[in-house]
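Trainee: coords28.pdb (PDB, C-alpha atoms) pasted underneath:
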```pdb
ATOM      1  CA  MET K  17      -7.468 -54.189  39.908
ATOM      2  CA  ALA K  18      -9.799 -51.457  41.102
ATOM      3  CA  THR K  19     -13.053 -51.074  39.221
ATOM      4  CA  GLY K  20     -15.134 -48.035  38.430
ATOM      5  CA  ARG K  21     -17.896 -49.229  40.722
ATOM      6  CA  THR K  22     -16.025 -48.578  43.945
ATOM      7  CA  HIS K  23     -13.714 -45.728  42.935
ATOM      8  CA  ARG K  24     -15.030 -42.406  41.648
ATOM      9  CA  PRO K  25     -12.985 -39.463  40.357
ATOM     10  CA  ALA K  26     -12.478 -36.739  42.924
ATOM     11  CA  THR K  27     -12.771 -33.775  40.533
ATOM     12  CA  ARG K  28     -16.032 -32.447  41.952
ATOM     13  CA  SER K  29     -14.986 -32.771  45.563
ATOM     14  CA  ARG K  30     -11.821 -30.825  44.783
ATOM     15  CA  GLY K  31     -13.834 -28.003  43.220
ATOM     16  CA  ILE K  32     -12.544 -28.252  39.663
ATOM     17  CA  PRO K  33     -14.964 -26.393  37.337
ATOM     18  CA  GLU K  34     -16.876 -28.454  34.789
ATOM     19  CA  ALA K  35     -15.410 -26.349  31.958
ATOM     20  CA  THR K  36     -11.916 -27.304  33.112
ATOM     21  CA  VAL K  37     -12.883 -30.975  33.392
ATOM     22  CA  ALA K  38     -14.148 -30.818  29.793
ATOM     23  CA  ARG K  39     -10.741 -29.537  28.633
ATOM     24  CA  LEU K  40      -8.626 -32.067  30.533
ATOM     25  CA  PRO K  41      -9.109 -34.799  27.874
ATOM     26  CA  LEU K  42      -7.881 -32.310  25.230
ATOM     27  CA  TYR K  43      -4.706 -31.682  27.213
ATOM     28  CA  LEU K  44      -4.262 -35.400  27.822
ATOM     29  CA  ARG K  45      -4.559 -36.205  24.113
ATOM     30  CA  ALA K  46      -1.948 -33.568  23.228
ATOM     31  CA  LEU K  47       0.357 -34.713  26.032
ATOM     32  CA  THR K  48       0.029 -38.358  25.030
ATOM     33  CA  ALA K  49       1.113 -37.470  21.503
ATOM     34  CA  LEU K  50       4.156 -35.658  22.940
ATOM     35  CA  SER K  51       4.943 -38.605  25.201
ATOM     36  CA  GLU K  52       4.840 -40.998  22.259
ATOM     37  CA  ARG K  53       7.460 -38.804  20.569
ATOM     38  CA  SER K  54       9.592 -38.872  23.753
ATOM     39  CA  VAL K  55       9.271 -35.112  24.267
ATOM     40  CA  PRO K  56      10.313 -34.489  27.906
ATOM     41  CA  THR K  57       8.906 -30.995  28.536
ATOM     42  CA  VAL K  58       6.472 -28.614  26.898
ATOM     43  CA  SER K  59       5.720 -24.917  27.357
ATOM     44  CA  SER K  60       2.228 -23.693  28.151
ATOM     45  CA  GLU K  61       2.100 -21.923  24.771
ATOM     46  CA  GLU K  62       3.023 -25.065  22.833
ATOM     47  CA  LEU K  63       0.618 -27.278  24.760
ATOM     48  CA  ALA K  64      -2.204 -24.732  24.518
ATOM     49  CA  ALA K  65      -1.758 -24.533  20.737
ATOM     50  CA  ALA K  66      -1.802 -28.329  20.466
ATOM     51  CA  ALA K  67      -4.981 -28.517  22.566
ATOM     52  CA  GLY K  68      -6.699 -25.618  20.796
ATOM     53  CA  VAL K  69      -7.008 -23.275  23.788
ATOM     54  CA  ASN K  70      -5.192 -20.118  24.874
ATOM     55  CA  SER K  71      -2.206 -20.410  27.190
ATOM     56  CA  ALA K  72      -3.725 -18.290  29.981
ATOM     57  CA  LYS K  73      -6.725 -20.631  30.189
ATOM     58  CA  LEU K  74      -4.413 -23.655  30.210
ATOM     59  CA  ARG K  75      -2.343 -22.284  33.084
ATOM     60  CA  LYS K  76      -5.535 -21.528  35.021
ATOM     61  CA  ASP K  77      -6.829 -25.064  34.411
ATOM     62  CA  PHE K  78      -3.566 -26.619  35.563
ATOM     63  CA  SER K  79      -3.587 -24.503  38.704
ATOM     64  CA  TYR K  80      -6.649 -26.506  39.825
ATOM     65  CA  LEU K  81      -4.469 -29.606  39.589
ATOM     66  CA  GLY K  82      -1.696 -27.980  41.599
ATOM     67  CA  SER K  83       0.619 -28.003  38.583
ATOM     68  CA  TYR K  84       2.369 -24.740  37.729
ATOM     69  CA  GLY K  85       5.304 -25.833  35.589
ATOM     70  CA  THR K  86       8.837 -24.444  35.830
ATOM     71  CA  ARG K  87       9.743 -21.018  34.493
ATOM     72  CA  GLY K  88      11.994 -21.342  31.472
ATOM     73  CA  VAL K  89      11.460 -25.097  31.305
ATOM     74  CA  GLY K  90       7.711 -25.667  31.084
ATOM     75  CA  TYR K  91       5.729 -28.716  32.161
ATOM     76  CA  ASP K  92       7.023 -32.250  32.600
ATOM     77  CA  VAL K  93       5.076 -34.226  29.986
ATOM     78  CA  GLU K  94       5.065 -37.630  31.712
ATOM     79  CA  TYR K  95       4.055 -36.184  35.063
ATOM     80  CA  LEU K  96       1.210 -34.210  33.509
ATOM     81  CA  VAL K  97      -0.019 -37.324  31.698
ATOM     82  CA  TYR K  98      -0.133 -39.134  35.036
ATOM     83  CA  GLN K  99      -1.653 -36.174  36.873
ATOM     84  CA  ILE K 100      -4.477 -35.622  34.395
ATOM     85  CA  SER K 101      -5.103 -39.360  34.011
ATOM     86  CA  ARG K 102      -5.406 -39.666  37.781
ATOM     87  CA  GLU K 103      -7.767 -36.692  37.976
ATOM     88  CA  LEU K 104      -9.983 -38.134  35.244
ATOM     89  CA  GLY K 105      -9.982 -41.530  36.926
ATOM     90  CA  LEU K 106      -8.083 -43.203  34.102
ATOM     91  CA  THR K 107      -5.504 -44.877  36.315
ATOM     92  CA  GLN K 108      -8.083 -47.554  37.157
ATOM     93  CA  ASP K 109     -10.240 -49.996  35.241
ATOM     94  CA  TRP K 110     -13.629 -48.770  33.980
ATOM     95  CA  PRO K 111     -15.814 -51.600  32.698
ATOM     96  CA  VAL K 112     -18.280 -50.378  30.060
ATOM     97  CA  VAL K 113     -21.317 -51.989  28.434
ATOM     98  CA  ILE K 114     -22.496 -51.032  24.961
ATOM     99  CA  VAL K 115     -26.209 -51.518  24.339
ATOM    100  CA  GLY K 116     -27.341 -51.639  20.717
ATOM    101  CA  ILE K 117     -24.949 -53.455  18.398
ATOM    102  CA  GLY K 118     -26.026 -52.094  15.042
ATOM    103  CA  ASN K 119     -23.574 -50.375  12.703
ATOM    104  CA  LEU K 120     -22.732 -47.648  15.231
ATOM    105  CA  GLY K 121     -22.548 -49.992  18.220
ATOM    106  CA  ALA K 122     -20.290 -52.374  16.315
ATOM    107  CA  ALA K 123     -18.039 -49.491  15.292
ATOM    108  CA  LEU K 124     -17.778 -48.404  18.925
ATOM    109  CA  ALA K 125     -16.977 -51.969  19.992
ATOM    110  CA  ASN K 126     -14.128 -52.032  17.466
ATOM    111  CA  TYR K 127     -12.738 -48.679  18.603
ATOM    112  CA  GLY K 128      -9.252 -49.312  19.946
ATOM    113  CA  GLY K 129      -9.108 -46.090  21.938
ATOM    114  CA  PHE K 130     -11.190 -47.442  24.826
ATOM    115  CA  ALA K 131      -8.582 -49.861  26.150
ATOM    116  CA  SER K 132      -5.703 -47.415  25.805
ATOM    117  CA  ARG K 133      -7.586 -44.842  27.867
ATOM    118  CA  GLY K 134      -8.640 -47.005  30.784
ATOM    119  CA  PHE K 135     -11.999 -48.311  29.520
ATOM    120  CA  ARG K 136     -12.705 -52.018  29.150
ATOM    121  CA  VAL K 137     -15.684 -53.131  27.090
ATOM    122  CA  ALA K 138     -17.162 -55.654  29.489
ATOM    123  CA  ALA K 139     -20.171 -56.628  27.395
ATOM    124  CA  LEU K 140     -22.041 -55.979  24.163
ATOM    125  CA  ILE K 141     -25.830 -56.162  24.477
ATOM    126  CA  ASP K 142     -28.578 -56.207  21.854
ATOM    127  CA  ALA K 143     -32.311 -56.904  21.787
ATOM    128  CA  ASP K 144     -32.190 -58.880  18.524
ATOM    129  CA  PRO K 145     -32.107 -62.631  19.290
ATOM    130  CA  ALA K 146     -30.290 -63.177  15.985
ATOM    131  CA  MET K 147     -27.358 -61.165  17.366
ATOM    132  CA  THR K 148     -27.007 -63.272  20.527
ATOM    133  CA  GLY K 149     -23.700 -65.122  20.549
ATOM    134  CA  LYS K 150     -22.417 -63.349  17.453
ATOM    135  CA  PRO K 151     -18.817 -62.178  17.970
ATOM    136  CA  VAL K 152     -18.144 -58.477  17.493
ATOM    137  CA  ALA K 153     -14.626 -57.177  18.141
ATOM    138  CA  GLY K 154     -13.868 -60.524  19.730
ATOM    139  CA  ILE K 155     -16.756 -60.287  22.223
ATOM    140  CA  ALA K 156     -19.922 -62.406  22.020
ATOM    141  CA  VAL K 157     -23.088 -60.281  21.934
ATOM    142  CA  GLN K 158     -25.505 -60.950  24.808
ATOM    143  CA  HIS K 159     -29.269 -60.437  24.880
ATOM    144  CA  THR K 160     -30.873 -57.518  26.719
ATOM    145  CA  ASP K 161     -32.650 -60.001  29.010
ATOM    146  CA  GLU K 162     -29.291 -60.418  30.732
ATOM    147  CA  LEU K 163     -28.548 -56.684  31.074
ATOM    148  CA  GLU K 164     -29.040 -56.367  34.841
ATOM    149  CA  GLN K 165     -27.018 -59.493  35.620
ATOM    150  CA  ILE K 166     -24.195 -58.374  33.329
ATOM    151  CA  ILE K 167     -23.968 -55.015  35.084
ATOM    152  CA  THR K 168     -23.922 -56.627  38.508
ATOM    153  CA  ASP K 169     -21.370 -59.280  37.594
ATOM    154  CA  ASN K 170     -18.962 -56.797  35.981
ATOM    155  CA  GLY K 171     -19.401 -53.895  38.407
ATOM    156  CA  VAL K 172     -20.370 -51.604  35.518
ATOM    157  CA  SER K 173     -21.011 -47.931  36.239
ATOM    158  CA  ILE K 174     -20.723 -46.583  32.662
ATOM    159  CA  GLY K 175     -23.159 -47.523  29.920
ATOM    160  CA  VAL K 176     -23.110 -46.606  26.238
ATOM    161  CA  ILE K 177     -26.460 -46.415  24.444
ATOM    162  CA  ALA K 178     -26.342 -46.876  20.668
ATOM    163  CA  THR K 179     -29.933 -47.991  20.142
ATOM    164  CA  PRO K 180     -32.626 -46.404  17.957
ATOM    165  CA  ALA K 181     -34.273 -43.374  19.567
ATOM    166  CA  GLY K 182     -37.470 -45.244  20.447
ATOM    167  CA  ALA K 183     -35.679 -47.774  22.621
ATOM    168  CA  ALA K 184     -33.161 -45.458  24.288
ATOM    169  CA  GLN K 185     -35.199 -44.276  27.287
ATOM    170  CA  GLN K 186     -36.254 -47.791  28.260
ATOM    171  CA  VAL K 187     -32.652 -48.986  28.037
ATOM    172  CA  CYS K 188     -31.551 -45.959  30.053
ATOM    173  CA  ASP K 189     -34.087 -46.708  32.782
ATOM    174  CA  ARG K 190     -32.903 -50.301  33.037
ATOM    175  CA  LEU K 191     -29.249 -49.253  33.159
ATOM    176  CA  VAL K 192     -29.920 -46.757  35.934
ATOM    177  CA  ALA K 193     -32.053 -49.216  37.912
ATOM    178  CA  ALA K 194     -29.215 -51.758  37.686
ATOM    179  CA  GLY K 195     -26.705 -49.295  39.132
ATOM    180  CA  VAL K 196     -25.200 -47.467  36.139
ATOM    181  CA  THR K 197     -24.514 -43.847  37.087
ATOM    182  CA  SER K 198     -22.892 -42.500  33.895
ATOM    183  CA  ILE K 199     -24.304 -42.820  30.383
ATOM    184  CA  LEU K 200     -22.875 -41.932  26.992
ATOM    185  CA  ASN K 201     -25.868 -41.522  24.699
ATOM    186  CA  PHE K 202     -25.551 -41.861  20.916
ATOM    187  CA  ALA K 203     -29.299 -42.246  20.361
ATOM    188  CA  PRO K 204     -30.911 -39.176  18.725
ATOM    189  CA  THR K 205     -33.119 -38.362  21.700
ATOM    190  CA  VAL K 206     -32.950 -36.610  25.062
ATOM    191  CA  LEU K 207     -32.835 -38.963  28.038
ATOM    192  CA  SER K 208     -34.504 -38.336  31.370
ATOM    193  CA  VAL K 209     -32.400 -39.478  34.343
ATOM    194  CA  PRO K 210     -32.587 -39.006  38.123
ATOM    195  CA  ASP K 211     -30.203 -36.836  40.115
ATOM    196  CA  GLY K 212     -26.807 -38.397  40.516
ATOM    197  CA  VAL K 213     -26.715 -39.853  37.004
ATOM    198  CA  ASP K 214     -24.531 -38.113  34.423
ATOM    199  CA  VAL K 215     -25.419 -38.193  30.736
ATOM    200  CA  ARG K 216     -23.190 -37.114  27.868
ATOM    201  CA  LYS K 217     -24.974 -36.875  24.527
ATOM    202  CA  VAL K 218     -23.271 -37.404  21.186
ATOM    203  CA  ASP K 219     -25.590 -36.532  18.287
ATOM    204  CA  LEU K 220     -23.776 -36.748  14.955
ATOM    205  CA  SER K 221     -26.699 -35.291  12.988
ATOM    206  CA  ILE K 222     -26.776 -32.178  15.171
ATOM    207  CA  GLU K 223     -23.043 -31.684  14.754
ATOM    208  CA  LEU K 224     -23.423 -31.982  10.979
ATOM    209  CA  GLN K 225     -26.295 -29.472  11.018
ATOM    210  CA  ILE K 226     -24.129 -27.005  12.919
ATOM    211  CA  LEU K 227     -21.376 -27.454  10.330
ATOM    212  CA  ALA K 228     -23.954 -26.918   7.557
ATOM    213  CA  PHE K 229     -24.961 -23.628   9.210
ATOM    214  CA  HIS K 230     -21.363 -22.433   9.219
ATOM    215  CA  GLU K 231     -20.859 -23.522   5.603
ATOM    216  CA  GLN K 232     -23.997 -21.636   4.559
ATOM    217  CA  ARG K 233     -22.857 -18.540   6.415
ATOM    218  CA  LYS K 234     -19.409 -18.690   4.799
ATOM    219  CA  ALA K 235     -21.020 -19.089   1.361
ATOM    220  CA  GLY K 236     -23.258 -16.090   2.078
ATOM    221  CA  GLU K 237     -20.306 -13.978   3.125
ATOM    222  CA  GLU K 238     -18.440 -14.924  -0.049
ATOM    223  CA  THR K 239     -21.485 -14.008  -2.157
ATOM    224  CA  VAL K 240     -21.788 -10.601  -0.486
ATOM    225  CA  ALA K 241     -18.077  -9.961  -0.955
ATOM    226  CA  LEU K 242     -18.303 -10.849  -4.665
ATOM    227  CA  GLU K 243     -21.365  -8.619  -5.133
ATOM    228  CA  GLU K 244     -19.641  -5.706  -3.408
ATOM    229  CA  ALA K 245     -16.526  -6.178  -5.532
ATOM    230  CA  ALA K 246     -18.642  -6.286  -8.717
ATOM    231  CA  SER K 247     -20.522  -3.136  -7.682
ATOM    232  CA  ALA K 248     -17.237  -1.341  -7.020
ATOM    233  CA  GLN K 249     -15.912  -2.358 -10.442
ATOM    234  CA  ASP K 250     -19.132  -1.185 -12.139
ATOM    235  CA  ALA K 251     -18.955   2.145 -10.352
ATOM    236  CA  ALA K 252     -15.299   2.616 -11.319
ATOM    237  CA  ALA K 253     -15.999   1.735 -14.965
ATOM    238  CA  SER K 254     -18.993   4.098 -15.088
ATOM    239  CA  GLY K 255     -16.971   6.966 -13.652
ATOM    240  CA  ALA K 256     -14.167   6.461 -16.184
ATOM    241  CA  ALA K 257     -16.610   6.496 -19.156
ATOM    242  CA  VAL K 258     -18.446   9.697 -18.140
ATOM    243  CA  GLY K 259     -15.374  11.598 -17.015
ATOM    244  CA  PRO K 260     -15.384  14.924 -15.140
ATOM    245  CA  ALA K 261     -17.866  17.624 -16.214
ATOM    246  CA  PRO K 262     -16.298  20.489 -18.294
ATOM    247  CA  LEU K 263     -15.742  23.769 -16.478
ATOM    248  CA  ALA K 264     -17.909  26.707 -17.610
ATOM    249  CA  PRO K 265     -15.975  29.751 -18.877
ATOM    250  CA  HIS K 266     -15.561  32.448 -16.285
ATOM    251  CA  ARG K 267     -17.515  35.657 -17.015
ATOM    252  CA  ALA K 268     -16.633  38.807 -15.209
ATOM    253  CA  ALA K 269     -19.290  41.152 -14.007
ATOM    254  CA  PRO K 270     -19.624  44.390 -16.033
ATOM    255  CA  GLY K 271     -16.931  46.800 -15.027
ATOM    256  CA  ALA K 272     -15.051  44.278 -12.978
ATOM    257  CA  GLY K 273     -11.288  43.864 -13.295
ATOM    258  CA  THR K 274     -10.520  47.202 -15.066
ATOM    259  CA  ASP K 275     -10.103  50.703 -13.882
ATOM    260  CA  ASN K 276     -12.576  52.101 -16.428
ATOM    261  CA  GLY K 277     -15.099  49.268 -16.741
ATOM    262  CA  ARG K 278     -13.954  48.237 -20.268
ATOM    263  CA  GLN K 279     -14.004  44.549 -21.368
ATOM    264  CA  GLY K 280     -11.748  42.721 -23.772
ATOM    265  CA  PRO K 281     -12.538  42.475 -27.452
ATOM    266  CA  ASP K 282     -14.595  39.295 -26.924
ATOM    267  CA  GLY K 283     -16.308  40.585 -23.879
ATOM    268  CA  ASP K 284     -14.000  38.651 -21.551
ATOM    269  CA  VAL K 285     -11.701  40.096 -18.957
ATOM    270  CA  PRO K 286      -8.359  40.793 -20.709
ATOM    271  CA  ALA K 287      -5.666  38.205 -19.974
ATOM    272  CA  VAL K 288      -3.235  40.971 -19.055
ATOM    273  CA  MET K 289      -4.575  43.664 -16.877
ATOM    274  CA  PRO K 290      -3.511  47.288 -17.761
ATOM    275  CA  ALA K 291      -1.082  48.921 -15.415
TER     276      ALA K 291
END
```
Please express what this file holds, its structure, as structure tokens.
Mentor:
Amino acid sequence: MATGRTHRPATRSRGIPEATVARLPLYLRALTALSERSVPTVSSEELAAAAGVNSAKLRKDFSYLGSYGTRGVGYDVEYLVYQISRELGLTQDWPVVIVGIGNLGAALANYGGFASRGFRVAALIDADPAMTGKPVAGIAVQHTDELEQIITDNGVSIGVIATPAGAAQQVCDRLVAAGVTSILNFAPTVLSVPDGVDVRKVDLSIELQILAFHEQRKAGEETVALEEAASAQDAAASGAAVGPAPLAPHRAAPGAGTDNGRQGPDGDVPAVMPA
């Protein structure tokens, strides 16, 4: 079986934009769900809705893959699954090491989605001697002293860092020096890597803070809307209580409205004018 060490995805050499590459896993997830339901074809509109993008962007993304679908039929689900999997490099074996087997690292080790998507957890590594030999997800944890040898023996090119922030950069440096060229970083810190090494950062606290911002904004908008509605009700109630101002009686100028300048008995212009 081919390993990730000797076979790299060809997306960059084929000129596929990074934004498109970032959306390919979304399409693949939606297509896999359709495949599991034995759906043979899907329209661009249906697939775009399932992936959370607009259909024009989806068709543009697929054009980079050379897939244009069939008018009136749509896209062949199984072929697209293969095509996107091939483009992402998921048709081969990618051995992965996870460094830092605390609560998060253990949860990642137990995640069943790795194997089904072409990733094999080759080793679990931790600096705590008490963890050495302890089975997690059916794999015995190994000490960080063996990190370089583990990477060499398993042909690892992807490393996952789930250590505390203070240890992450040192672990990163060792991974890179041993030949790892792609890192998924769960540690709450920014890693410094040389050119040619890709880092994807997953910071759960930042994502939660962004959600908190949106929740606060929504709450603020609701408060403003309630205040505006209350002000409108107060204004309407005030207007109904005061009512319109009475009209002043009309007074005619002296001599106006008659042919001889006479006024009515009360000084007003007579209701019926003389002929």
Trainee: Do you know which residues are at most 12 Å from Glu62 (chain K) counting only C-alpha atoms, after dropping those on the same chain fewer than 5 positions away, and could you put them as a count of residues only?
Mentor: 18
Trainee: With a distance cut-off of 6 Å and only C-alpha atoms, select the neighbouring residues of region 129-146 of chain K, excluding the residue or stretch itself and same-chain residues fewer than 2 positions from it, and output the selection as a PDB file with C-alpha atoms, keeping the file's coordinate frame.
Mentor:
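Final output, part.pdb:
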```
ATOM      1  CA  LEU K 106      -8.083 -43.203  34.102  1.00  0.00           C
ATOM      2  CA  ASP K 109     -10.240 -49.996  35.241  1.00  0.00           C
ATOM      3  CA  TRP K 110     -13.629 -48.770  33.980  1.00  0.00           C
ATOM      4  CA  PRO K 111     -15.814 -51.600  32.698  1.00  0.00           C
ATOM      5  CA  VAL K 112     -18.280 -50.378  30.060  1.00  0.00           C
ATOM      6  CA  VAL K 113     -21.317 -51.989  28.434  1.00  0.00           C
ATOM      7  CA  ILE K 114     -22.496 -51.032  24.961  1.00  0.00           C
ATOM      8  CA  VAL K 115     -26.209 -51.518  24.339  1.00  0.00           C
ATOM      9  CA  GLY K 116     -27.341 -51.639  20.717  1.00  0.00           C
ATOM     10  CA  ILE K 117     -24.949 -53.455  18.398  1.00  0.00           C
ATOM     11  CA  TYR K 127     -12.738 -48.679  18.603  1.00  0.00           C
ATOM     12  CA  THR K 148     -27.007 -63.272  20.527  1.00  0.00           C
ATOM     13  CA  VAL K 157     -23.088 -60.281  21.934  1.00  0.00           C
ATOM     14  CA  GLN K 158     -25.505 -60.950  24.808  1.00  0.00           C
ATOM     15  CA  HIS K 159     -29.269 -60.437  24.880  1.00  0.00           C
ATOM     16  CA  THR K 160     -30.873 -57.518  26.719  1.00  0.00           C
TER      17      THR K 160
END
```
Trainee: Expand the PyMOL selection byres ((chain K and resi 36) around 12) into the individual residues it matches in the shown file, reporting them as number ranges by chain.
Mentor: K: 27-28, 31-35, 37-43, 69, 73-81, 100, 103-104
Trainee: With distances taken over all atoms listed in the file, which of K:Ile155, K:Ala66, K:Val58, K:Val187 is nearest to Gly85 (chain K)?
Mentor: K:Val58
Trainee: Taking the file as shown, what set of residues would the PyMOL selection byres ((chain K and resi 172) around 7) give back, as a short mmCIF file (atom, residue, chain, number, x, y, z; two decimals) with C-alpha atoms, keeping the file's coordinate frame?
Mentor:
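For reference, result-v9.cif as written:
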```cif
data_model
loop_
_atom_site.label_atom_id
_atom_site.label_comp_id
_atom_site.auth_asym_id
_atom_site.auth_seq_id
_atom_site.Cartn_x
_atom_site.Cartn_y
_atom_site.Cartn_z
CA GLY K 20 -15.13 -48.04 38.43
CA ARG K 21 -17.90 -49.23 40.72
CA PRO K 111 -15.81 -51.60 32.70
CA VAL K 112 -18.28 -50.38 30.06
CA ILE K 167 -23.97 -55.02 35.08
CA THR K 168 -23.92 -56.63 38.51
CA ASN K 170 -18.96 -56.80 35.98
CA GLY K 171 -19.40 -53.90 38.41
CA SER K 173 -21.01 -47.93 36.24
CA ILE K 174 -20.72 -46.58 32.66
CA VAL K 196 -25.20 -47.47 36.14
#
```
Trainee: Rounded to one decimal place, report the CA of Leu44 (chain K)-CA of Asp92 (chain K) distance in Å.
Mentor: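 Separating CA of Leu44 (chain K) from CA of Asp92 (chain K) is a distance of 12.7 Å.
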Trainee: Go through K:Arg53, K:Ala246, K:Ala153, K:Thr48 and flag the residue nearest Gly128 (chain K), using only C-alpha atoms for the distances.
Mentor: K:Ala153
Trainee: Quick one: apply the PyMOL selection byres ((chain K and resi 200) around 9) to the file and drop the selected residues here as a ChimeraX atom specification.
Mentor: /K:174-178,198-199,201-202,214-218
Trainee: Between CA of Tyr98 (chain K) and CA of Asp169 (chain K), what is the distance, to one decimal in Å?
Mentor: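 Straight-line distance from CA of Tyr98 (chain K) to CA of Asp169 (chain K) works out to 29.4 Å.
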Trainee: Between CA of Gly82 (chain K) and CA of Val97 (chain K), measure the distance and give it in Å to one decimal.
Mentor: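 Rounded to one decimal, the two atoms are 13.7 Å apart.
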Trainee: Could I get region 42-58 of chain K from the block written as a short mmCIF file (atom, residue, chain, number, x, y, z; two decimals), in the first residue's frame, with N, CA, C and O atoms?
Mentor:
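The result, written out as result-v2.cif:
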```
data_model
loop_
_atom_site.label_atom_id
_atom_site.label_comp_id
_atom_site.auth_asym_id
_atom_site.auth_seq_id
_atom_site.Cartn_x
_atom_site.Cartn_y
_atom_site.Cartn_z
N LEU K 42 -15.96 19.42 2.25
CA LEU K 42 -17.39 19.64 2.48
C LEU K 42 -18.22 18.90 1.44
O LEU K 42 -19.22 18.25 1.76
N TYR K 43 -17.77 18.98 0.19
CA TYR K 43 -18.47 18.26 -0.89
C TYR K 43 -18.36 16.75 -0.66
O TYR K 43 -19.34 16.03 -0.84
N LEU K 44 -17.18 16.31 -0.26
CA LEU K 44 -16.98 14.87 -0.06
C LEU K 44 -17.87 14.34 1.06
O LEU K 44 -18.44 13.25 0.93
N ARG K 45 -18.00 15.09 2.13
CA ARG K 45 -18.86 14.67 3.24
C ARG K 45 -20.32 14.55 2.78
O ARG K 45 -20.99 13.57 3.09
N ALA K 46 -20.79 15.54 2.02
CA ALA K 46 -22.16 15.50 1.52
C ALA K 46 -22.36 14.35 0.53
O ALA K 46 -23.38 13.65 0.56
N LEU K 47 -21.38 14.15 -0.34
CA LEU K 47 -21.47 13.06 -1.32
C LEU K 47 -21.42 11.69 -0.65
O LEU K 47 -22.12 10.76 -1.07
N THR K 48 -20.61 11.55 0.38
CA THR K 48 -20.52 10.29 1.09
C THR K 48 -21.86 9.94 1.73
O THR K 48 -22.28 8.78 1.72
N ALA K 49 -22.53 10.95 2.28
CA ALA K 49 -23.85 10.72 2.87
C ALA K 49 -24.84 10.26 1.80
O ALA K 49 -25.66 9.36 2.03
N LEU K 50 -24.76 10.86 0.60
CA LEU K 50 -25.63 10.44 -0.50
C LEU K 50 -25.31 9.02 -0.94
O LEU K 50 -26.20 8.22 -1.22
N SER K 51 -24.03 8.71 -1.01
CA SER K 51 -23.60 7.38 -1.42
C SER K 51 -24.10 6.32 -0.45
O SER K 51 -24.51 5.23 -0.86
N GLU K 52 -24.06 6.63 0.83
CA GLU K 52 -24.52 5.68 1.84
C GLU K 52 -26.02 5.42 1.74
O GLU K 52 -26.50 4.38 2.19
N ARG K 53 -26.74 6.38 1.12
CA ARG K 53 -28.18 6.21 0.91
C ARG K 53 -28.47 5.67 -0.48
O ARG K 53 -29.62 5.64 -0.91
N SER K 54 -27.41 5.28 -1.20
CA SER K 54 -27.53 4.72 -2.56
C SER K 54 -28.18 5.69 -3.53
O SER K 54 -28.91 5.28 -4.44
N VAL K 55 -27.91 6.98 -3.37
CA VAL K 55 -28.39 7.99 -4.32
C VAL K 55 -27.44 8.02 -5.51
O VAL K 55 -26.24 8.27 -5.33
N PRO K 56 -27.91 7.76 -6.73
CA PRO K 56 -26.98 7.64 -7.87
C PRO K 56 -26.48 8.97 -8.41
O PRO K 56 -25.31 9.08 -8.80
N THR K 57 -27.34 9.98 -8.49
CA THR K 57 -26.95 11.27 -9.06
C THR K 57 -27.48 12.40 -8.17
O THR K 57 -28.42 12.21 -7.40
N VAL K 58 -26.85 13.56 -8.34
CA VAL K 58 -27.28 14.72 -7.55
C VAL K 58 -27.08 15.97 -8.39
O VAL K 58 -26.10 16.08 -9.15
#
```
